[in-house]
file model-v4.pdb (PDB, C-alpha atoms)
ATOM      1  CA  MET Y1100     128.915  89.967  82.628
ATOM      2  CA  LYS Y1101     129.897  86.495  81.394
ATOM      3  CA  LYS Y1102     127.188  84.245  79.928
ATOM      4  CA  ILE Y1103     127.632  80.481  79.601
ATOM      5  CA  VAL Y1104     126.407  78.874  76.361
ATOM      6  CA  ASN Y1105     125.156  75.305  76.371
ATOM      7  CA  THR Y1106     123.201  73.522  73.633
ATOM      8  CA  LYS Y1107     122.141  69.925  73.095
ATOM      9  CA  ASN Y1108     122.742  70.475  69.350
ATOM     10  CA  ALA Y1109     126.487  70.052  69.935
ATOM     11  CA  PRO Y1110     128.484  67.545  71.992
ATOM     12  CA  ALA Y1111     128.500  68.078  75.738
ATOM     13  CA  ALA Y1112     131.771  69.212  77.282
ATOM     14  CA  ILE Y1113     133.987  66.265  78.247
ATOM     15  CA  GLY Y1114     135.708  68.149  81.058
ATOM     16  CA  PRO Y1115     135.408  71.142  83.384
ATOM     17  CA  TYR Y1116     134.696  73.729  80.694
ATOM     18  CA  SER Y1117     131.711  75.290  78.908
ATOM     19  CA  GLN Y1118     130.835  74.834  75.245
ATOM     20  CA  ALA Y1119     131.242  78.614  74.986
ATOM     21  CA  THR Y1120     131.190  81.838  76.948
ATOM     22  CA  VAL Y1121     129.966  85.258  75.854
ATOM     23  CA  HIS Y1122     131.406  88.514  77.182
ATOM     24  CA  ASN Y1123     131.190  92.040  75.773
ATOM     25  CA  GLU Y1124     129.484  90.899  72.540
ATOM     26  CA  VAL Y1125     132.193  88.304  71.806
ATOM     27  CA  ILE Y1126     131.667  84.532  71.950
ATOM     28  CA  TYR Y1127     134.572  82.232  72.767
ATOM     29  CA  VAL Y1128     133.808  78.678  71.623
ATOM     30  CA  SER Y1129     135.773  75.833  73.197
ATOM     31  CA  GLY Y1130     137.634  73.419  70.976
ATOM     32  CA  GLN Y1131     135.328  70.959  69.279
ATOM     33  CA  LEU Y1132     136.231  67.406  68.387
ATOM     34  CA  PRO Y1133     134.490  65.400  65.652
ATOM     35  CA  LEU Y1134     131.928  64.029  68.104
ATOM     36  CA  ASP Y1135     128.369  63.140  67.170
ATOM     37  CA  PRO Y1136     126.191  65.505  69.250
ATOM     38  CA  THR Y1137     123.587  62.781  69.843
ATOM     39  CA  THR Y1138     125.810  59.884  70.884
ATOM     40  CA  GLY Y1139     128.996  61.665  71.979
ATOM     41  CA  GLU Y1140     130.943  59.137  69.893
ATOM     42  CA  LEU Y1141     133.987  60.052  67.831
ATOM     43  CA  SER Y1142     133.424  60.101  64.052
ATOM     44  CA  ASP Y1143     135.152  57.365  62.109
ATOM     45  CA  GLY Y1144     134.917  59.240  58.787
ATOM     46  CA  ASP Y1145     137.850  60.657  56.852
ATOM     47  CA  ILE Y1146     139.359  64.009  57.856
ATOM     48  CA  ALA Y1147     137.015  65.925  55.519
ATOM     49  CA  ALA Y1148     133.939  64.357  57.154
ATOM     50  CA  GLN Y1149     135.426  64.959  60.595
ATOM     51  CA  THR Y1150     136.113  68.609  59.723
ATOM     52  CA  ARG Y1151     132.528  69.110  58.519
ATOM     53  CA  LEU Y1152     131.208  67.582  61.760
ATOM     54  CA  VAL Y1153     133.431  69.839  63.879
ATOM     55  CA  MET Y1154     132.317  72.894  61.905
ATOM     56  CA  SER Y1155     128.648  71.891  62.277
ATOM     57  CA  ASN Y1156     129.169  71.587  66.034
ATOM     58  CA  LEU Y1157     130.791  75.033  66.128
ATOM     59  CA  LYS Y1158     127.845  76.429  64.147
ATOM     60  CA  ALA Y1159     125.310  74.991  66.616
ATOM     61  CA  ILE Y1160     127.151  76.517  69.563
ATOM     62  CA  LEU Y1161     127.549  79.885  67.844
ATOM     63  CA  GLU Y1162     123.829  79.990  67.039
ATOM     64  CA  ALA Y1163     122.931  79.076  70.633
ATOM     65  CA  GLY Y1164     125.091  82.011  71.733
ATOM     66  CA  GLY Y1165     123.439  84.506  69.364
ATOM     67  CA  SER Y1166     126.150  84.464  66.688
ATOM     68  CA  GLY Y1167     126.830  82.632  63.431
ATOM     69  CA  MET Y1168     129.488  81.373  61.067
ATOM     70  CA  ASP Y1169     129.600  84.720  59.243
ATOM     71  CA  LYS Y1170     130.627  86.436  62.488
ATOM     72  CA  ILE Y1171     133.675  84.260  63.225
ATOM     73  CA  LEU Y1172     136.758  86.414  63.728
ATOM     74  CA  LYS Y1173     139.386  83.704  64.250
ATOM     75  CA  CYS Y1174     139.711  79.921  64.313
ATOM     76  CA  THR Y1175     142.442  77.713  65.718
ATOM     77  CA  ILE Y1176     142.816  74.284  64.136
ATOM     78  CA  LEU Y1177     144.741  71.426  65.703
ATOM     79  CA  LEU Y1178     145.641  68.451  63.482
ATOM     80  CA  VAL Y1179     147.377  65.268  64.566
ATOM     81  CA  ASP Y1180     148.734  64.770  61.041
ATOM     82  CA  MET Y1181     149.600  67.706  58.782
ATOM     83  CA  ALA Y1182     149.240  65.317  55.820
ATOM     84  CA  HIS Y1183     145.491  65.907  56.339
ATOM     85  CA  PHE Y1184     145.859  69.653  55.761
ATOM     86  CA  ALA Y1185     144.613  69.794  52.149
ATOM     87  CA  GLN Y1186     141.491  67.683  52.813
ATOM     88  CA  MET Y1187     140.754  69.593  56.016
ATOM     89  CA  ASN Y1188     141.286  72.906  54.262
ATOM     90  CA  GLU Y1189     138.808  72.065  51.487
ATOM     91  CA  ALA Y1190     136.092  70.965  53.936
ATOM     92  CA  TYR Y1191     136.768  73.943  56.246
ATOM     93  CA  GLY Y1192     136.668  76.393  53.339
ATOM     94  CA  SER Y1193     133.208  75.222  52.295
ATOM     95  CA  PHE Y1194     131.847  76.897  55.456
ATOM     96  CA  PHE Y1195     133.257  80.283  54.374
ATOM     97  CA  PRO Y1196     132.236  81.044  50.770
ATOM     98  CA  SER Y1197     133.443  84.630  51.217
ATOM     99  CA  GLU Y1198     135.381  86.669  53.753
ATOM    100  CA  PRO Y1199     136.882  83.790  55.776
ATOM    101  CA  PRO Y1200     138.096  84.538  59.285
ATOM    102  CA  ALA Y1201     141.695  84.747  60.460
ATOM    103  CA  ARG Y1202     143.072  81.302  61.223
ATOM    104  CA  ILE Y1203     146.011  79.346  62.533
ATOM    105  CA  CYS Y1204     146.693  75.623  62.166
ATOM    106  CA  TYR Y1205     149.079  73.538  64.268
ATOM    107  CA  GLN Y1206     150.167  69.917  64.171
ATOM    108  CA  VAL Y1207     149.955  68.371  67.629
ATOM    109  CA  THR Y1208     151.054  65.052  69.068
ATOM    110  CA  ALA Y1209     147.646  63.948  70.345
ATOM    111  CA  LEU Y1210     144.115  65.164  71.032
ATOM    112  CA  PRO Y1211     141.472  64.063  73.562
ATOM    113  CA  LYS Y1212     139.631  60.813  72.811
ATOM    114  CA  GLY Y1213     142.196  60.011  70.100
ATOM    115  CA  ALA Y1214     140.663  62.592  67.730
ATOM    116  CA  SER Y1215     142.479  63.692  64.570
ATOM    117  CA  ILE Y1216     141.218  67.301  64.594
ATOM    118  CA  GLU Y1217     140.004  69.979  67.007
ATOM    119  CA  ILE Y1218     138.832  73.496  66.136
ATOM    120  CA  ASP Y1219     137.873  76.439  68.341
ATOM    121  CA  CYS Y1220     136.759  79.929  67.394
ATOM    122  CA  ILE Y1221     136.124  83.472  68.540
ATOM    123  CA  ALA Y1222     133.198  85.369  67.010
ATOM    124  CA  ALA Y1223     131.213  88.569  67.339
ATOM    125  CA  VAL Y1224     127.702  88.341  68.748
TER     126      VAL Y1224
END

call {"tool": "encode", "arguments": {"input": "model-v4.pdb", "output": "structure tokens"}}
result
Amino acid sequence: MKKIVNTKNAPAAIGPYSQATVHNEVIYVSGQLPLDPTTGELSDGDIAAQTRLVMSNLKAILEAGGSGMDKILKCTILLVDMAHFAQMNEAYGSFFPSEPPARICYQVTALPKGASIEIDCIAAV
């Protein structure tokens, strides 16, 4: 059975989707933008600060769904500018001191709300 995950500790969905769904002990977290969970406003920090905010939002959703950062199996990262890769990578890596998950990173033309980064993940519960 599918379970919908929703927490006020992460930004509300900005469209017809859930923050995450859980099925068969796996949580699928929707792409997160660098949005402040309290205001819903886009971060104006550099890409490292934006990455940390996105990862914190993912963490809040994972925890609400009974999982955690150490249980992430795979992340997908979307960047508007691949010139931000090194800064993003350093900030992202700080969330995985050991045994990081599988990952893919794409450059895209644009993201919702004019964001520079979006990350989703799949994790065990």

call {"tool": "atom_distance", "arguments": {"input": "model-v4.pdb", "atom1": "atom CA of Y:Thr1106", "atom2": "atom CA of Y:Glu1198"}}
result
26.8 Å

call {"tool": "atom_distance", "arguments": {"input": "model-v4.pdb", "atom1": "atom CA of Y:Glu1217", "atom2": "atom CA of Y:Thr1175"}}
result
8.2 Å

call {"tool": "resolve_selection", "arguments": {"input": "model-v4.pdb", "expression": "the PyMOL selection byres ((chain Y and resi 1180-1188) around 8)", "output": "list in words"}}
result
Ile1146, Ala1147, Thr1150, Leu1178, Val1179, Glu1189, Ala1190, Tyr1191, Gly1192, Gln1206, Val1207 and Ser1215 of chain Y

call {"tool": "residues_around", "arguments": {"input": "model-v4.pdb", "residues": "Y:Lys1107", "least_positions_apart": "2", "cutoff": "12 Å", "atoms": "only C-alpha atoms", "output": "short mmCIF file (atom, residue, chain, number, x, y, z; two decimals) with C-alpha atoms, in the frame of the given file"}}
result
data_model
loop_
_atom_site.label_atom_id
_atom_site.label_comp_id
_atom_site.auth_asym_id
_atom_site.auth_seq_id
_atom_site.Cartn_x
_atom_site.Cartn_y
_atom_site.Cartn_z
CA VAL Y 1104 126.41 78.87 76.36
CA ASN Y 1105 125.16 75.31 76.37
CA ALA Y 1109 126.49 70.05 69.94
CA PRO Y 1110 128.48 67.54 71.99
CA ALA Y 1111 128.50 68.08 75.74
CA ALA Y 1112 131.77 69.21 77.28
CA GLN Y 1118 130.84 74.83 75.24
CA ASP Y 1135 128.37 63.14 67.17
CA PRO Y 1136 126.19 65.50 69.25
CA THR Y 1137 123.59 62.78 69.84
CA THR Y 1138 125.81 59.88 70.88
CA GLY Y 1139 129.00 61.66 71.98
CA ASN Y 1156 129.17 71.59 66.03
CA ALA Y 1159 125.31 74.99 66.62
CA ILE Y 1160 127.15 76.52 69.56
CA GLU Y 1162 123.83 79.99 67.04
CA ALA Y 1163 122.93 79.08 70.63
#

call {"tool": "resolve_selection", "arguments": {"input": "model-v4.pdb", "expression": "the PyMOL selection byres ((chain Y and resi 1158) around 12)", "output": "JSON, numbers by chain"}}
result
{"Y": [1106, 1108, 1109, 1110, 1118, 1119, 1126, 1128, 1131, 1151, 1152, 1153, 1154, 1155, 1156, 1157, 1159, 1160, 1161, 1162, 1163, 1164, 1165, 1166, 1167, 1168, 1169, 1170, 1171, 1194, 1195, 1218, 1219, 1220, 1221, 1222]}

call {"tool": "closest_residue", "arguments": {"input": "model-v4.pdb", "among": "Y:Leu1172, Y:Ile1113, Y:Leu1132, Y:Cys1204", "to": "Y:Val1224", "atoms": "all atoms listed in the file"}}
result
Y:Leu1172

call {"tool": "closest_residue", "arguments": {"input": "model-v4.pdb", "among": "Y:Pro1199, Y:Tyr1205, Y:Pro1133, Y:Tyr1116", "to": "Y:Ala1148", "atoms": "only C-alpha atoms"}}
result
Y:Pro1133

call {"tool": "atom_distance", "arguments": {"input": "model-v4.pdb", "atom1": "atom CA of Y:Lys1212", "atom2": "atom CA of Y:Asp1143"}}
result
12.1 Å

call {"tool": "closest_residue", "arguments": {"input": "model-v4.pdb", "among": "Y:Gln1149, Y:Ala1223, Y:Gly1114, Y:Leu1141", "to": "Y:Lys1173", "atoms": "only C-alpha atoms"}}
result
Y:Ala1223

call {"tool": "resolve_selection", "arguments": {"input": "model-v4.pdb", "expression": "the PyMOL selection byres ((chain Y and resi 1122) around 10)", "output": "list in words"}}
result
Met1100, Lys1101, Lys1102, Ile1103, Thr1120, Val1121, Asn1123, Glu1124, Val1125, Ile1126, Tyr1127, Ala1223 and Val1224 of chain Y

call {"tool": "build_atoms", "arguments": {"input": "model-v4.pdb", "residues": "stretch 1183-1194 of chain Y", "atoms": "all heavy atoms", "output": "PDB file, in the frame of the given file"}}
result
ATOM      1  N   HIS Y1183     146.929  65.705  56.517  1.00  0.00           N
ATOM      2  CA  HIS Y1183     145.491  65.907  56.339  1.00  0.00           C
ATOM      3  C   HIS Y1183     145.128  67.355  55.998  1.00  0.00           C
ATOM      4  O   HIS Y1183     143.954  67.667  55.815  1.00  0.00           O
ATOM      5  CB  HIS Y1183     144.736  65.514  57.618  1.00  0.00           C
ATOM      6  CG  HIS Y1183     144.799  64.063  57.922  1.00  0.00           C
ATOM      7  ND1 HIS Y1183     144.778  63.582  59.221  1.00  0.00           N
ATOM      8  CD2 HIS Y1183     144.870  62.976  57.116  1.00  0.00           C
ATOM      9  CE1 HIS Y1183     144.832  62.268  59.194  1.00  0.00           C
ATOM     10  NE2 HIS Y1183     144.889  61.874  57.930  1.00  0.00           N
ATOM     11  N   PHE Y1184     146.123  68.220  55.926  1.00  0.00           N
ATOM     12  CA  PHE Y1184     145.859  69.653  55.761  1.00  0.00           C
ATOM     13  C   PHE Y1184     145.009  69.976  54.530  1.00  0.00           C
ATOM     14  O   PHE Y1184     144.037  70.727  54.630  1.00  0.00           O
ATOM     15  CB  PHE Y1184     147.174  70.441  55.710  1.00  0.00           C
ATOM     16  CG  PHE Y1184     146.969  71.927  55.645  1.00  0.00           C
ATOM     17  CD1 PHE Y1184     146.752  72.670  56.797  1.00  0.00           C
ATOM     18  CD2 PHE Y1184     146.970  72.594  54.423  1.00  0.00           C
ATOM     19  CE1 PHE Y1184     146.550  74.042  56.738  1.00  0.00           C
ATOM     20  CE2 PHE Y1184     146.761  73.966  54.357  1.00  0.00           C
ATOM     21  CZ  PHE Y1184     146.555  74.688  55.527  1.00  0.00           C
ATOM     22  N   ALA Y1185     145.339  69.445  53.382  1.00  0.00           N
ATOM     23  CA  ALA Y1185     144.613  69.794  52.149  1.00  0.00           C
ATOM     24  C   ALA Y1185     143.148  69.374  52.230  1.00  0.00           C
ATOM     25  O   ALA Y1185     142.256  70.165  51.894  1.00  0.00           O
ATOM     26  CB  ALA Y1185     145.278  69.163  50.932  1.00  0.00           C
ATOM     27  N   GLN Y1186     142.882  68.141  52.682  1.00  0.00           N
ATOM     28  CA  GLN Y1186     141.491  67.683  52.813  1.00  0.00           C
ATOM     29  C   GLN Y1186     140.736  68.513  53.850  1.00  0.00           C
ATOM     30  O   GLN Y1186     139.594  68.889  53.633  1.00  0.00           O
ATOM     31  CB  GLN Y1186     141.445  66.213  53.248  1.00  0.00           C
ATOM     32  CG  GLN Y1186     141.459  65.229  52.126  1.00  0.00           C
ATOM     33  CD  GLN Y1186     141.136  63.847  52.668  1.00  0.00           C
ATOM     34  OE1 GLN Y1186     141.847  63.318  53.516  1.00  0.00           O
ATOM     35  NE2 GLN Y1186     140.058  63.270  52.175  1.00  0.00           N
ATOM     36  N   MET Y1187     141.378  68.769  54.983  1.00  0.00           N
ATOM     37  CA  MET Y1187     140.754  69.593  56.016  1.00  0.00           C
ATOM     38  C   MET Y1187     140.448  70.972  55.466  1.00  0.00           C
ATOM     39  O   MET Y1187     139.360  71.513  55.644  1.00  0.00           O
ATOM     40  CB  MET Y1187     141.680  69.704  57.240  1.00  0.00           C
ATOM     41  CG  MET Y1187     141.211  70.669  58.322  1.00  0.00           C
ATOM     42  SD  MET Y1187     141.482  72.452  58.030  1.00  0.00           S
ATOM     43  CE  MET Y1187     143.254  72.555  57.925  1.00  0.00           C
ATOM     44  N   ASN Y1188     141.416  71.547  54.768  1.00  0.00           N
ATOM     45  CA  ASN Y1188     141.286  72.906  54.262  1.00  0.00           C
ATOM     46  C   ASN Y1188     140.106  73.036  53.300  1.00  0.00           C
ATOM     47  O   ASN Y1188     139.362  74.015  53.340  1.00  0.00           O
ATOM     48  CB  ASN Y1188     142.589  73.317  53.574  1.00  0.00           C
ATOM     49  CG  ASN Y1188     142.807  74.792  53.591  1.00  0.00           C
ATOM     50  OD1 ASN Y1188     142.513  75.467  54.568  1.00  0.00           O
ATOM     51  ND2 ASN Y1188     143.333  75.305  52.499  1.00  0.00           N
ATOM     52  N   GLU Y1189     139.920  72.038  52.433  1.00  0.00           N
ATOM     53  CA  GLU Y1189     138.808  72.065  51.487  1.00  0.00           C
ATOM     54  C   GLU Y1189     137.463  72.000  52.213  1.00  0.00           C
ATOM     55  O   GLU Y1189     136.546  72.774  51.922  1.00  0.00           O
ATOM     56  CB  GLU Y1189     138.927  70.919  50.493  1.00  0.00           C
ATOM     57  CG  GLU Y1189     137.876  70.986  49.407  1.00  0.00           C
ATOM     58  CD  GLU Y1189     138.088  69.936  48.327  1.00  0.00           C
ATOM     59  OE1 GLU Y1189     139.227  69.461  48.151  1.00  0.00           O
ATOM     60  OE2 GLU Y1189     137.092  69.608  47.667  1.00  0.00           O
ATOM     61  N   ALA Y1190     137.342  71.095  53.175  1.00  0.00           N
ATOM     62  CA  ALA Y1190     136.092  70.965  53.936  1.00  0.00           C
ATOM     63  C   ALA Y1190     135.836  72.221  54.777  1.00  0.00           C
ATOM     64  O   ALA Y1190     134.719  72.752  54.809  1.00  0.00           O
ATOM     65  CB  ALA Y1190     136.143  69.731  54.829  1.00  0.00           C
ATOM     66  N   TYR Y1191     136.866  72.726  55.432  1.00  0.00           N
ATOM     67  CA  TYR Y1191     136.768  73.943  56.246  1.00  0.00           C
ATOM     68  C   TYR Y1191     136.331  75.118  55.381  1.00  0.00           C
ATOM     69  O   TYR Y1191     135.429  75.880  55.735  1.00  0.00           O
ATOM     70  CB  TYR Y1191     138.126  74.214  56.896  1.00  0.00           C
ATOM     71  CG  TYR Y1191     138.259  75.536  57.599  1.00  0.00           C
ATOM     72  CD1 TYR Y1191     137.958  75.658  58.948  1.00  0.00           C
ATOM     73  CD2 TYR Y1191     138.716  76.662  56.915  1.00  0.00           C
ATOM     74  CE1 TYR Y1191     138.101  76.871  59.607  1.00  0.00           C
ATOM     75  CE2 TYR Y1191     138.860  77.869  57.561  1.00  0.00           C
ATOM     76  CZ  TYR Y1191     138.555  77.977  58.911  1.00  0.00           C
ATOM     77  OH  TYR Y1191     138.687  79.182  59.554  1.00  0.00           O
ATOM     78  N   GLY Y1192     136.956  75.275  54.232  1.00  0.00           N
ATOM     79  CA  GLY Y1192     136.668  76.393  53.339  1.00  0.00           C
ATOM     80  C   GLY Y1192     135.238  76.426  52.845  1.00  0.00           C
ATOM     81  O   GLY Y1192     134.699  77.494  52.542  1.00  0.00           O
ATOM     82  N   SER Y1193     134.597  75.265  52.767  1.00  0.00           N
ATOM     83  CA  SER Y1193     133.208  75.222  52.295  1.00  0.00           C
ATOM     84  C   SER Y1193     132.252  75.939  53.249  1.00  0.00           C
ATOM     85  O   SER Y1193     131.154  76.311  52.858  1.00  0.00           O
ATOM     86  CB  SER Y1193     132.758  73.772  52.090  1.00  0.00           C
ATOM     87  OG  SER Y1193     132.608  73.102  53.327  1.00  0.00           O
ATOM     88  N   PHE Y1194     132.673  76.179  54.483  1.00  0.00           N
ATOM     89  CA  PHE Y1194     131.847  76.897  55.456  1.00  0.00           C
ATOM     90  C   PHE Y1194     132.012  78.415  55.338  1.00  0.00           C
ATOM     91  O   PHE Y1194     131.290  79.173  55.983  1.00  0.00           O
ATOM     92  CB  PHE Y1194     132.174  76.439  56.882  1.00  0.00           C
ATOM     93  CG  PHE Y1194     131.599  75.098  57.203  1.00  0.00           C
ATOM     94  CD1 PHE Y1194     132.257  73.937  56.818  1.00  0.00           C
ATOM     95  CD2 PHE Y1194     130.380  74.987  57.865  1.00  0.00           C
ATOM     96  CE1 PHE Y1194     131.720  72.692  57.093  1.00  0.00           C
ATOM     97  CE2 PHE Y1194     129.834  73.744  58.146  1.00  0.00           C
ATOM     98  CZ  PHE Y1194     130.504  72.595  57.756  1.00  0.00           C
TER      99      PHE Y1194
END
